[in-house]
Amino acid sequence: MMVIHLCRLLSYRLGARAALRALRRYSKVSPAVSEQLRIFESLREKHNSRKRTEVTEKSLNIRLTGGQTVKGTAGITTPLFVAQSVRVKGALVSKVNGELWELGRPLEADCELQLLGFDTVEGKQAAWRTGACVLTGVLEGVFGAEVYREGTTDHGLFCDHVLDKSPLTLSDVEERCKEAAALKFPLSRLELNTEEIYELFQNCKLRLQLVEEQMDGSSLTVYRCGDSIAICSGPLLPHTGFLKVFKMLQLSSVTLPNQTESLDLARLLGMAFPGERDKEEWERKQEEARRRDHRRIGTDQELFFFSEVSPGSCFFLPKGAHIYNMLTDFIKSEYRKRGFTEVVTPTLYSTALWERSGHWEHYSENMFTVTSESSQIYALKPMNCPAHCLMFEQRIRSWRELPLRWADFGALHRNELSGALGGLTRVRRFCQDDAHIFCTPEQLEDEIGACLDFVRSVYQVFGFSFHCLLSTRPTPCLGEPEQWDTAEQQLERSLQQFGERWELNPGDGAFYGPKIDIQIKDALGRQHQCATVQLDFQLPVRFNLQYVGQDGQLHRPVMIHRAVLGSLERMIAILAENFGGKWPLWLSPAQIMVIPVGGNSESYGRQVARQFREAGFMVDFNEDLGATLNKKIRSAQLAQYNYVFVVGDKEHESGTVSVRCRGGKQLERRPTEEVLTSLKQLRDTRSNLHEF
């Protein structure tokens, strides 16, 4: 096996050299770029020599997802070698003991290895990060652009750049990226300290600006791809040849944070795929997503609209307000069952509160502010937690009162950039099913478990599948290490008892405490993070929150931030697209259409409509005399009414209605009272069924 490893390693290095020789023919390198590459290689040699002294070759046991165990050698065996050995096709990145790991990075110890392809979020992100590096090289080497930043979103890759030459075409960029990727450039990774970073980018003004924004720790990760160097956290693919297809989507202008001078900065959005089939599958999903777009559904069903008089703030029309209120009522009914009480807090606060909570220092740019006559600055609240801390401290609290579970549906405002606004998914004014729990340390585990059970109960109603992420201590963070360790262990125990699928998300906790994020999967297979359960060590300290314990001494409470739906606006967008505008009865703003047909049926039809309205249903009455019955039924089905009641002389005489479901199925003539009872049952149990 050692011989095979060495042969493949030699082949890989020869391939890398061949790719670099091909690159010399592909693009011209300026003296400045040559110097940057020289510095990179010098730093890489220094780092590699340090690593070589650290590696100790020893035998490894590598456990695969299916239970198979593979032998390997520390410092030599890579996940890519394992994938090739067990003939796993399509692997792009891996997880080693739950940690993301590049396929070309040697394993270091006995481990559990998970191989991930383009059908996973991690695989897509690795492909798109690599694609962004290829795009950077093309923009710099072929089009002469100066790149500020490359990266990925949930939906693809992007590259922010300045281009002095004539505008490029998307098809030309696609072809150039495909050519560059085919050269199979290796992706060389380096983790550099501040001094090394500034040395590497000494002649790149835009890059240095990005470094200053992102350098919140002691190091930054960069990759070399051909003759370009990208700032990227990784992981990436072993080489660019894993990508076969590129698709450029859009070129638009973009503004940098704190930008004071005109830079003509542009953002190029795109996609990268391992193969043509992956692209075709993506295009199919894009077409389905366009059909289900909540903005189109909102317009077609007259649910909501936006106006320039209040950018990023939604105007909910009566039908949209019905959905909004049904969601709110649903959560409030759960609150009553689970011991939560509602509070109402102001919208506008003096900066003194935000300075005390720490938000003014870290979040003031995202707040809307107003100045009073006395030049006092106030800010619209972007979150509820400081106000709830203020309420807790209003008097001395006893251990007998805990846990306190306070819920708040107050309007929140965040000053999102105009370019980031998009329908209901990113707005400036919104409401959350926001709640904060103040409890004793001994109560924490039970409260976390109850929060997770709350999430499961709600998501089961919508039919969402979900999994949990345990996000642990980031760097930097606030609080004592022992405190973090204890909290993370408590969260882990709660997840184990919860019984749903979960995984570790190392280093992605909030700076003030670890958290559990819950990701749902919609009908299109897309992941959305809505619910969250977060521990907060800092606000109780900042507000000096205390309660009198059983021992008569003062103690610090534990604070939990939690939300289930998250933003109501965003959840409505997710539900609209998940259901494709075909709302379940209990949520639907168009529940029943009554259609009279012939004779003296109009008065009876109005009587039926009134009877169901008085029972709390959303009912409309079709009085269009010029349309045929079939046209009226078809119009109601296209408008996504859950049920169509056709009433004529026979129904009038027998006190019945002829019922059609939204899908077209006829449920025949039934007694009106029987139908009313059945629909009440479906609505009040929040059932997703439509037949009764």
# chains A, B, ... in the order shown; residues from 1 in each chain; ligands from 1
$ residues_around --residues "Ser471 (chain A)" --least-positions-apart "5" --cutoff "7 Å" --atoms "only C-alpha atoms" --output "ChimeraX atom specification"
/A:504-509,514-516
$ write_last_selection --atoms "all heavy atoms" --output "PDB file, in the first residue's frame"
ATOM      1  N   LEU A 504     -22.468  17.729  14.721  1.00  0.00           N
ATOM      2  CA  LEU A 504     -21.642  18.776  15.321  1.00  0.00           C
ATOM      3  C   LEU A 504     -21.306  19.828  14.269  1.00  0.00           C
ATOM      4  O   LEU A 504     -21.041  19.508  13.116  1.00  0.00           O
ATOM      5  CB  LEU A 504     -20.366  18.158  15.876  1.00  0.00           C
ATOM      6  CG  LEU A 504     -19.622  18.916  16.986  1.00  0.00           C
ATOM      7  CD1 LEU A 504     -20.510  19.103  18.206  1.00  0.00           C
ATOM      8  CD2 LEU A 504     -18.353  18.158  17.358  1.00  0.00           C
ATOM      9  N   ASN A 505     -21.339  21.083  14.677  1.00  0.00           N
ATOM     10  CA  ASN A 505     -20.968  22.199  13.803  1.00  0.00           C
ATOM     11  C   ASN A 505     -19.887  23.000  14.529  1.00  0.00           C
ATOM     12  O   ASN A 505     -20.152  24.061  15.095  1.00  0.00           O
ATOM     13  CB  ASN A 505     -22.199  23.052  13.505  1.00  0.00           C
ATOM     14  CG  ASN A 505     -21.942  24.093  12.448  1.00  0.00           C
ATOM     15  OD1 ASN A 505     -20.996  23.979  11.662  1.00  0.00           O
ATOM     16  ND2 ASN A 505     -22.763  25.129  12.409  1.00  0.00           N
ATOM     17  N   PRO A 506     -18.647  22.499  14.537  1.00  0.00           N
ATOM     18  CA  PRO A 506     -17.601  23.078  15.394  1.00  0.00           C
ATOM     19  C   PRO A 506     -17.303  24.543  15.072  1.00  0.00           C
ATOM     20  O   PRO A 506     -17.220  24.931  13.904  1.00  0.00           O
ATOM     21  CB  PRO A 506     -16.364  22.209  15.085  1.00  0.00           C
ATOM     22  CG  PRO A 506     -16.904  20.966  14.458  1.00  0.00           C
ATOM     23  CD  PRO A 506     -18.134  21.375  13.729  1.00  0.00           C
ATOM     24  N   GLY A 507     -17.177  25.335  16.137  1.00  0.00           N
ATOM     25  CA  GLY A 507     -16.719  26.715  15.999  1.00  0.00           C
ATOM     26  C   GLY A 507     -17.732  27.692  15.451  1.00  0.00           C
ATOM     27  O   GLY A 507     -17.399  28.850  15.179  1.00  0.00           O
ATOM     28  N   ASP A 508     -19.022  27.281  15.297  1.00  0.00           N
ATOM     29  CA  ASP A 508     -20.009  28.164  14.680  1.00  0.00           C
ATOM     30  C   ASP A 508     -21.014  28.701  15.692  1.00  0.00           C
ATOM     31  O   ASP A 508     -22.053  29.240  15.318  1.00  0.00           O
ATOM     32  CB  ASP A 508     -20.745  27.424  13.559  1.00  0.00           C
ATOM     33  CG  ASP A 508     -21.379  28.383  12.558  1.00  0.00           C
ATOM     34  OD1 ASP A 508     -20.713  29.362  12.188  1.00  0.00           O
ATOM     35  OD2 ASP A 508     -22.535  28.148  12.161  1.00  0.00           O
ATOM     36  N   GLY A 509     -20.705  28.559  16.984  1.00  0.00           N
ATOM     37  CA  GLY A 509     -21.585  29.126  17.997  1.00  0.00           C
ATOM     38  C   GLY A 509     -21.518  30.640  17.996  1.00  0.00           C
ATOM     39  O   GLY A 509     -20.641  31.242  17.368  1.00  0.00           O
ATOM     40  N   PRO A 514     -22.968  28.740  23.136  1.00  0.00           N
ATOM     41  CA  PRO A 514     -23.245  27.709  22.125  1.00  0.00           C
ATOM     42  C   PRO A 514     -24.719  27.719  21.754  1.00  0.00           C
ATOM     43  O   PRO A 514     -25.559  28.283  22.466  1.00  0.00           O
ATOM     44  CB  PRO A 514     -22.852  26.415  22.827  1.00  0.00           C
ATOM     45  CG  PRO A 514     -23.059  26.710  24.278  1.00  0.00           C
ATOM     46  CD  PRO A 514     -22.710  28.156  24.469  1.00  0.00           C
ATOM     47  N   LYS A 515     -25.059  27.066  20.645  1.00  0.00           N
ATOM     48  CA  LYS A 515     -26.446  27.082  20.197  1.00  0.00           C
ATOM     49  C   LYS A 515     -26.775  25.813  19.432  1.00  0.00           C
ATOM     50  O   LYS A 515     -25.891  25.080  18.979  1.00  0.00           O
ATOM     51  CB  LYS A 515     -26.710  28.302  19.311  1.00  0.00           C
ATOM     52  CG  LYS A 515     -25.861  28.345  18.046  1.00  0.00           C
ATOM     53  CD  LYS A 515     -26.193  29.558  17.189  1.00  0.00           C
ATOM     54  CE  LYS A 515     -25.336  29.588  15.922  1.00  0.00           C
ATOM     55  NZ  LYS A 515     -25.735  30.672  15.010  1.00  0.00           N
ATOM     56  N   ILE A 516     -28.074  25.570  19.301  1.00  0.00           N
ATOM     57  CA  ILE A 516     -28.587  24.504  18.450  1.00  0.00           C
ATOM     58  C   ILE A 516     -29.390  25.171  17.343  1.00  0.00           C
ATOM     59  O   ILE A 516     -30.377  25.866  17.611  1.00  0.00           O
ATOM     60  CB  ILE A 516     -29.484  23.529  19.234  1.00  0.00           C
ATOM     61  CG1 ILE A 516     -28.685  22.822  20.332  1.00  0.00           C
ATOM     62  CG2 ILE A 516     -30.103  22.501  18.292  1.00  0.00           C
ATOM     63  CD1 ILE A 516     -29.543  21.981  21.264  1.00  0.00           C
TER      64      ILE A 516
END
$ closest_residue --among "A:Glu146, A:Lys247, A:Leu37, A:Asp110" --to "Glu283 (chain A)" --atoms "only C-alpha atoms"
A:Lys247
$ select_by_dssp --residues "region 461-628 of chain A" --states "helix (DSSP H, G or I)" --output "PyMOL selection string"
chain A and resi 461-462+481-498+539-542+568-579+601-614
$ write_last_selection --atoms "N, CA and C atoms" --output "short mmCIF file (atom, residue, chain, number, x, y, z; two decimals), in the first residue's frame"
data_model
loop_
_atom_site.label_atom_id
_atom_site.label_comp_id
_atom_site.auth_asym_id
_atom_site.auth_seq_id
_atom_site.Cartn_x
_atom_site.Cartn_y
_atom_site.Cartn_z
N VAL A 461 -46.51 19.62 12.03
CA VAL A 461 -47.75 20.15 11.47
C VAL A 461 -47.54 20.56 10.02
N PHE A 462 -46.39 21.16 9.72
CA PHE A 462 -46.11 21.60 8.36
C PHE A 462 -45.61 20.46 7.46
N PRO A 481 -13.72 29.04 29.68
CA PRO A 481 -13.73 27.75 28.97
C PRO A 481 -14.55 26.69 29.69
N GLU A 482 -14.46 26.65 31.03
CA GLU A 482 -15.21 25.65 31.79
C GLU A 482 -16.72 25.85 31.60
N GLN A 483 -17.13 27.11 31.53
CA GLN A 483 -18.54 27.43 31.33
C GLN A 483 -19.02 26.94 29.96
N TRP A 484 -18.20 27.15 28.94
CA TRP A 484 -18.52 26.69 27.59
C TRP A 484 -18.59 25.15 27.56
N ASP A 485 -17.62 24.51 28.17
CA ASP A 485 -17.59 23.04 28.17
C ASP A 485 -18.87 22.46 28.79
N THR A 486 -19.25 23.02 29.93
CA THR A 486 -20.45 22.53 30.62
C THR A 486 -21.69 22.74 29.78
N ALA A 487 -21.81 23.93 29.19
CA ALA A 487 -22.99 24.25 28.39
C ALA A 487 -23.08 23.36 27.16
N GLU A 488 -21.95 23.14 26.49
CA GLU A 488 -21.95 22.30 25.29
C GLU A 488 -22.32 20.86 25.63
N GLN A 489 -21.84 20.38 26.78
CA GLN A 489 -22.19 19.03 27.22
C GLN A 489 -23.68 18.91 27.51
N GLN A 490 -24.26 19.97 28.11
CA GLN A 490 -25.70 19.95 28.40
C GLN A 490 -26.51 19.94 27.11
N LEU A 491 -26.09 20.74 26.14
CA LEU A 491 -26.80 20.77 24.86
C LEU A 491 -26.69 19.41 24.16
N GLU A 492 -25.53 18.79 24.24
CA GLU A 492 -25.33 17.49 23.60
C GLU A 492 -26.22 16.44 24.25
N ARG A 493 -26.31 16.45 25.57
CA ARG A 493 -27.17 15.49 26.26
C ARG A 493 -28.64 15.70 25.85
N SER A 494 -29.05 16.96 25.73
CA SER A 494 -30.42 17.25 25.32
C SER A 494 -30.70 16.73 23.93
N LEU A 495 -29.74 16.89 23.01
CA LEU A 495 -29.91 16.40 21.65
C LEU A 495 -29.98 14.87 21.61
N GLN A 496 -29.17 14.22 22.42
CA GLN A 496 -29.19 12.76 22.46
C GLN A 496 -30.54 12.25 22.98
N GLN A 497 -31.08 12.93 23.97
CA GLN A 497 -32.38 12.54 24.51
C GLN A 497 -33.51 12.88 23.54
N PHE A 498 -33.31 13.90 22.73
CA PHE A 498 -34.32 14.35 21.77
C PHE A 498 -34.60 13.27 20.73
N LEU A 539 -25.42 38.53 28.41
CA LEU A 539 -26.44 39.51 28.80
C LEU A 539 -26.78 39.46 30.29
N PRO A 540 -26.91 38.27 30.91
CA PRO A 540 -27.14 38.27 32.36
C PRO A 540 -26.03 38.96 33.14
N VAL A 541 -24.80 38.89 32.62
CA VAL A 541 -23.68 39.58 33.27
C VAL A 541 -23.77 41.08 33.03
N ARG A 542 -24.00 41.48 31.78
CA ARG A 542 -24.05 42.90 31.44
C ARG A 542 -25.17 43.62 32.19
N LEU A 568 -41.63 35.67 10.91
CA LEU A 568 -42.90 35.26 10.33
C LEU A 568 -42.92 35.52 8.83
N GLU A 569 -42.32 36.64 8.42
CA GLU A 569 -42.28 36.96 6.99
C GLU A 569 -41.53 35.88 6.22
N ARG A 570 -40.36 35.51 6.70
CA ARG A 570 -39.57 34.50 6.00
C ARG A 570 -40.26 33.14 6.02
N MET A 571 -40.90 32.80 7.14
CA MET A 571 -41.60 31.52 7.21
C MET A 571 -42.77 31.48 6.22
N ILE A 572 -43.47 32.60 6.03
CA ILE A 572 -44.55 32.63 5.04
C ILE A 572 -43.99 32.39 3.65
N ALA A 573 -42.81 32.97 3.35
CA ALA A 573 -42.17 32.74 2.06
C ALA A 573 -41.83 31.26 1.88
N ILE A 574 -41.27 30.65 2.92
CA ILE A 574 -40.88 29.24 2.85
C ILE A 574 -42.11 28.35 2.67
N LEU A 575 -43.18 28.65 3.42
CA LEU A 575 -44.40 27.84 3.33
C LEU A 575 -45.07 28.01 1.97
N ALA A 576 -45.08 29.24 1.45
CA ALA A 576 -45.69 29.48 0.14
C ALA A 576 -44.99 28.64 -0.92
N GLU A 577 -43.66 28.58 -0.87
CA GLU A 577 -42.91 27.83 -1.86
C GLU A 577 -42.96 26.33 -1.59
N ASN A 578 -43.01 25.96 -0.32
CA ASN A 578 -43.11 24.54 0.02
C ASN A 578 -44.43 23.94 -0.46
N PHE A 579 -45.53 24.67 -0.23
CA PHE A 579 -46.85 24.19 -0.65
C PHE A 579 -47.17 24.58 -2.09
N SER A 601 -81.23 29.07 -6.70
CA SER A 601 -80.13 28.60 -5.85
C SER A 601 -79.29 29.73 -5.26
N GLU A 602 -79.42 30.96 -5.80
CA GLU A 602 -78.55 32.04 -5.32
C GLU A 602 -78.79 32.34 -3.85
N SER A 603 -80.03 32.43 -3.44
CA SER A 603 -80.33 32.75 -2.03
C SER A 603 -79.84 31.64 -1.11
N TYR A 604 -80.00 30.37 -1.57
CA TYR A 604 -79.50 29.25 -0.76
C TYR A 604 -77.97 29.28 -0.69
N GLY A 605 -77.34 29.60 -1.83
CA GLY A 605 -75.88 29.68 -1.85
C GLY A 605 -75.37 30.74 -0.89
N ARG A 606 -76.06 31.89 -0.85
CA ARG A 606 -75.64 32.94 0.09
C ARG A 606 -75.84 32.50 1.53
N GLN A 607 -76.90 31.73 1.76
CA GLN A 607 -77.15 31.21 3.12
C GLN A 607 -76.02 30.27 3.54
N VAL A 608 -75.57 29.39 2.61
CA VAL A 608 -74.47 28.47 2.90
C VAL A 608 -73.19 29.25 3.17
N ALA A 609 -72.91 30.26 2.33
CA ALA A 609 -71.70 31.06 2.51
C ALA A 609 -71.71 31.75 3.87
N ARG A 610 -72.86 32.30 4.25
CA ARG A 610 -72.96 32.99 5.55
C ARG A 610 -72.77 32.01 6.70
N GLN A 611 -73.30 30.80 6.57
CA GLN A 611 -73.18 29.79 7.63
C GLN A 611 -71.72 29.42 7.87
N PHE A 612 -70.94 29.26 6.79
CA PHE A 612 -69.53 28.88 6.94
C PHE A 612 -68.68 30.07 7.38
N ARG A 613 -69.05 31.29 6.95
CA ARG A 613 -68.31 32.48 7.42
C ARG A 613 -68.47 32.63 8.92
N GLU A 614 -69.69 32.43 9.40
CA GLU A 614 -69.95 32.57 10.83
C GLU A 614 -69.20 31.52 11.64
#
$ residues_around --residues "Ser59 (chain A)" --least-positions-apart "4" --cutoff "10 Å" --atoms "only C-alpha atoms" --output "number ranges by chain"
A: 71-75, 77, 108-110
$ residues_around --residues "region 169-177 of chain A" --least-positions-apart "5" --cutoff "8 Å" --atoms "only C-alpha atoms" --output "PyMOL selection string"
chain A and resi 134-135+138+246-250
$ write_last_selection --atoms "C-alpha atoms" --output "short mmCIF file (atom, residue, chain, number, x, y, z; two decimals), in the first residue's frame"
data_model
loop_
_atom_site.label_atom_id
_atom_site.label_comp_id
_atom_site.auth_asym_id
_atom_site.auth_seq_id
_atom_site.Cartn_x
_atom_site.Cartn_y
_atom_site.Cartn_z
CA VAL A 134 -11.28 29.38 -10.97
CA LEU A 135 -13.39 32.45 -11.76
CA VAL A 138 -9.98 33.88 -15.23
CA PHE A 246 -19.82 26.56 -15.50
CA LYS A 247 -22.88 28.78 -15.71
CA MET A 248 -22.66 32.56 -15.21
CA LEU A 249 -25.95 34.06 -14.05
CA GLN A 250 -25.70 37.78 -13.48
#
$ closest_residue --among "A:Val147, A:Val344, A:Met618, A:Val594" --to "Ile229 (chain A)" --atoms "only C-alpha atoms"
A:Val147
$ residues_around --residues "Ile560 (chain A)" --least-positions-apart "5" --cutoff "9 Å" --atoms "only C-alpha atoms" --output "PyMOL selection string"
chain A and resi 435-439+444+447-448+533-536
$ write_last_selection --atoms "all heavy atoms" --output "tab-separated table (two decimals), in the first residue's frame"
chain	number	residue	atom	x	y	z
A	435	ALA	N	-38.77	34.43	21.93
A	435	ALA	CA	-38.98	34.22	23.36
A	435	ALA	C	-37.65	34.05	24.06
A	435	ALA	O	-36.66	33.61	23.45
A	435	ALA	CB	-39.86	33.00	23.60
A	436	HIS	N	-37.63	34.43	25.33
A	436	HIS	CA	-36.42	34.27	26.16
A	436	HIS	C	-36.81	33.58	27.45
A	436	HIS	O	-37.85	33.87	28.05
A	436	HIS	CB	-35.79	35.63	26.43
A	436	HIS	CG	-35.27	36.30	25.19
A	436	HIS	ND1	-36.04	37.19	24.47
A	436	HIS	CD2	-34.11	36.15	24.52
A	436	HIS	CE1	-35.35	37.59	23.42
A	436	HIS	NE2	-34.19	36.98	23.41
A	437	ILE	N	-35.97	32.65	27.83
A	437	ILE	CA	-36.20	31.87	29.05
A	437	ILE	C	-35.10	32.19	30.04
A	437	ILE	O	-33.91	32.13	29.71
A	437	ILE	CB	-36.21	30.35	28.73
A	437	ILE	CG1	-37.29	30.03	27.69
A	437	ILE	CG2	-36.41	29.54	30.00
A	437	ILE	CD1	-37.21	28.62	27.15
A	438	PHE	N	-35.51	32.54	31.25
A	438	PHE	CA	-34.56	32.76	32.35
A	438	PHE	C	-34.76	31.60	33.33
A	438	PHE	O	-35.87	31.40	33.84
A	438	PHE	CB	-34.84	34.10	33.04
A	438	PHE	CG	-34.71	35.29	32.13
A	438	PHE	CD1	-35.82	35.78	31.44
A	438	PHE	CD2	-33.50	35.93	31.96
A	438	PHE	CE1	-35.71	36.88	30.60
A	438	PHE	CE2	-33.37	37.03	31.12
A	438	PHE	CZ	-34.48	37.50	30.43
A	439	CYS	N	-33.70	30.85	33.58
A	439	CYS	CA	-33.84	29.67	34.43
A	439	CYS	C	-32.58	29.49	35.28
A	439	CYS	O	-31.57	30.17	35.09
A	439	CYS	CB	-34.10	28.43	33.58
A	439	CYS	SG	-32.74	27.98	32.47
A	444	LEU	N	-31.66	24.04	33.17
A	444	LEU	CA	-31.28	24.29	31.78
A	444	LEU	C	-31.56	23.12	30.86
A	444	LEU	O	-32.16	23.27	29.79
A	444	LEU	CB	-29.80	24.68	31.71
A	444	LEU	CG	-29.24	24.94	30.30
A	444	LEU	CD1	-29.98	26.08	29.63
A	444	LEU	CD2	-27.74	25.24	30.38
A	447	GLU	N	-35.19	22.63	30.07
A	447	GLU	CA	-35.70	23.71	29.23
A	447	GLU	C	-35.26	23.54	27.77
A	447	GLU	O	-36.04	23.78	26.85
A	447	GLU	CB	-35.24	25.08	29.76
A	447	GLU	CG	-35.90	25.49	31.06
A	447	GLU	CD	-37.42	25.53	30.95
A	447	GLU	OE1	-37.93	26.18	30.01
A	447	GLU	OE2	-38.09	24.92	31.78
A	448	ILE	N	-34.03	23.13	27.57
A	448	ILE	CA	-33.55	22.88	26.21
A	448	ILE	C	-34.36	21.76	25.57
A	448	ILE	O	-34.79	21.85	24.41
A	448	ILE	CB	-32.05	22.52	26.20
A	448	ILE	CG1	-31.21	23.71	26.69
A	448	ILE	CG2	-31.61	22.10	24.80
A	448	ILE	CD1	-31.25	24.92	25.79
A	533	VAL	N	-32.02	27.61	19.19
A	533	VAL	CA	-32.01	27.61	20.65
A	533	VAL	C	-30.59	28.02	21.06
A	533	VAL	O	-29.64	27.28	20.81
A	533	VAL	CB	-32.35	26.22	21.22
A	533	VAL	CG1	-32.35	26.27	22.75
A	533	VAL	CG2	-33.69	25.73	20.69
A	534	GLN	N	-30.44	29.19	21.66
A	534	GLN	CA	-29.12	29.74	21.95
A	534	GLN	C	-28.97	30.03	23.43
A	534	GLN	O	-29.87	30.60	24.06
A	534	GLN	CB	-28.89	31.03	21.16
A	534	GLN	CG	-29.03	30.87	19.66
A	534	GLN	CD	-28.74	32.17	18.91
A	534	GLN	OE1	-28.39	33.18	19.51
A	534	GLN	NE2	-28.89	32.14	17.61
A	535	LEU	N	-27.82	29.66	23.96
A	535	LEU	CA	-27.49	30.03	25.34
A	535	LEU	C	-26.73	31.35	25.33
A	535	LEU	O	-25.95	31.62	24.42
A	535	LEU	CB	-26.62	28.95	25.99
A	535	LEU	CG	-27.20	27.54	26.06
A	535	LEU	CD1	-26.32	26.66	26.95
A	535	LEU	CD2	-28.61	27.57	26.60
A	536	ASP	N	-26.97	32.16	26.34
A	536	ASP	CA	-26.31	33.47	26.42
A	536	ASP	C	-25.69	33.64	27.81
A	536	ASP	O	-26.39	33.70	28.81
A	536	ASP	CB	-27.33	34.58	26.16
A	536	ASP	CG	-26.66	35.93	25.93
A	536	ASP	OD1	-25.54	36.14	26.44
A	536	ASP	OD2	-27.26	36.78	25.24
$ atom_distance --atom1 "CA of Ser49 (chain A)" --atom2 "CA of Ser188 (chain A)"
14.9 Å
$ atom_distance --atom1 "CA of Ala127 (chain A)" --atom2 "CA of Glu140 (chain A)"
20.0 Å
$ residues_around --residues "region 189-200 of chain A" --least-positions-apart "6" --cutoff "6 Å" --atoms "only C-alpha atoms" --output "PDB file with C-alpha atoms, in the first residue's frame"
ATOM      1  CA  GLN A  36       3.279  37.326  -5.385  1.00  0.00           C
ATOM      2  CA  SER A 218      -4.633  35.481  14.342  1.00  0.00           C
ATOM      3  CA  SER A 219      -4.668  33.869  10.889  1.00  0.00           C
ATOM      4  CA  LEU A 220      -6.362  33.794   7.501  1.00  0.00           C
ATOM      5  CA  THR A 221      -6.554  30.994   4.918  1.00  0.00           C
ATOM      6  CA  VAL A 222      -5.540  31.486   1.289  1.00  0.00           C
ATOM      7  CA  TYR A 223      -5.396  29.153  -1.714  1.00  0.00           C
TER       8      TYR A 223
END
$ atom_distance --atom1 "CA of Ala411 (chain A)" --atom2 "CA of Cys431 (chain A)"
5.0 Å
$ select_by_dssp --residues "region 20-129 of chain A" --states "strand (DSSP E)" --output "MDAnalysis selection string"
chainID A and resid 59:64 69:73 93:96 99:101 111:116
$ residues_around --residues "Asp453 (chain A)" --least-positions-apart "2" --cutoff "12 Å" --atoms "only C-alpha atoms" --output "list in words"
Glu334, Arg338, Asp446, Glu447, Ile448, Gly449, Ala450, Cys451, Val455, Arg456, Ser457, Val458, Tyr459, Gln460, Ser494, Leu495, Gln497, Phe498, Gly499, Glu500, Ile518, Ala531, Val533 and Val564 of chain A
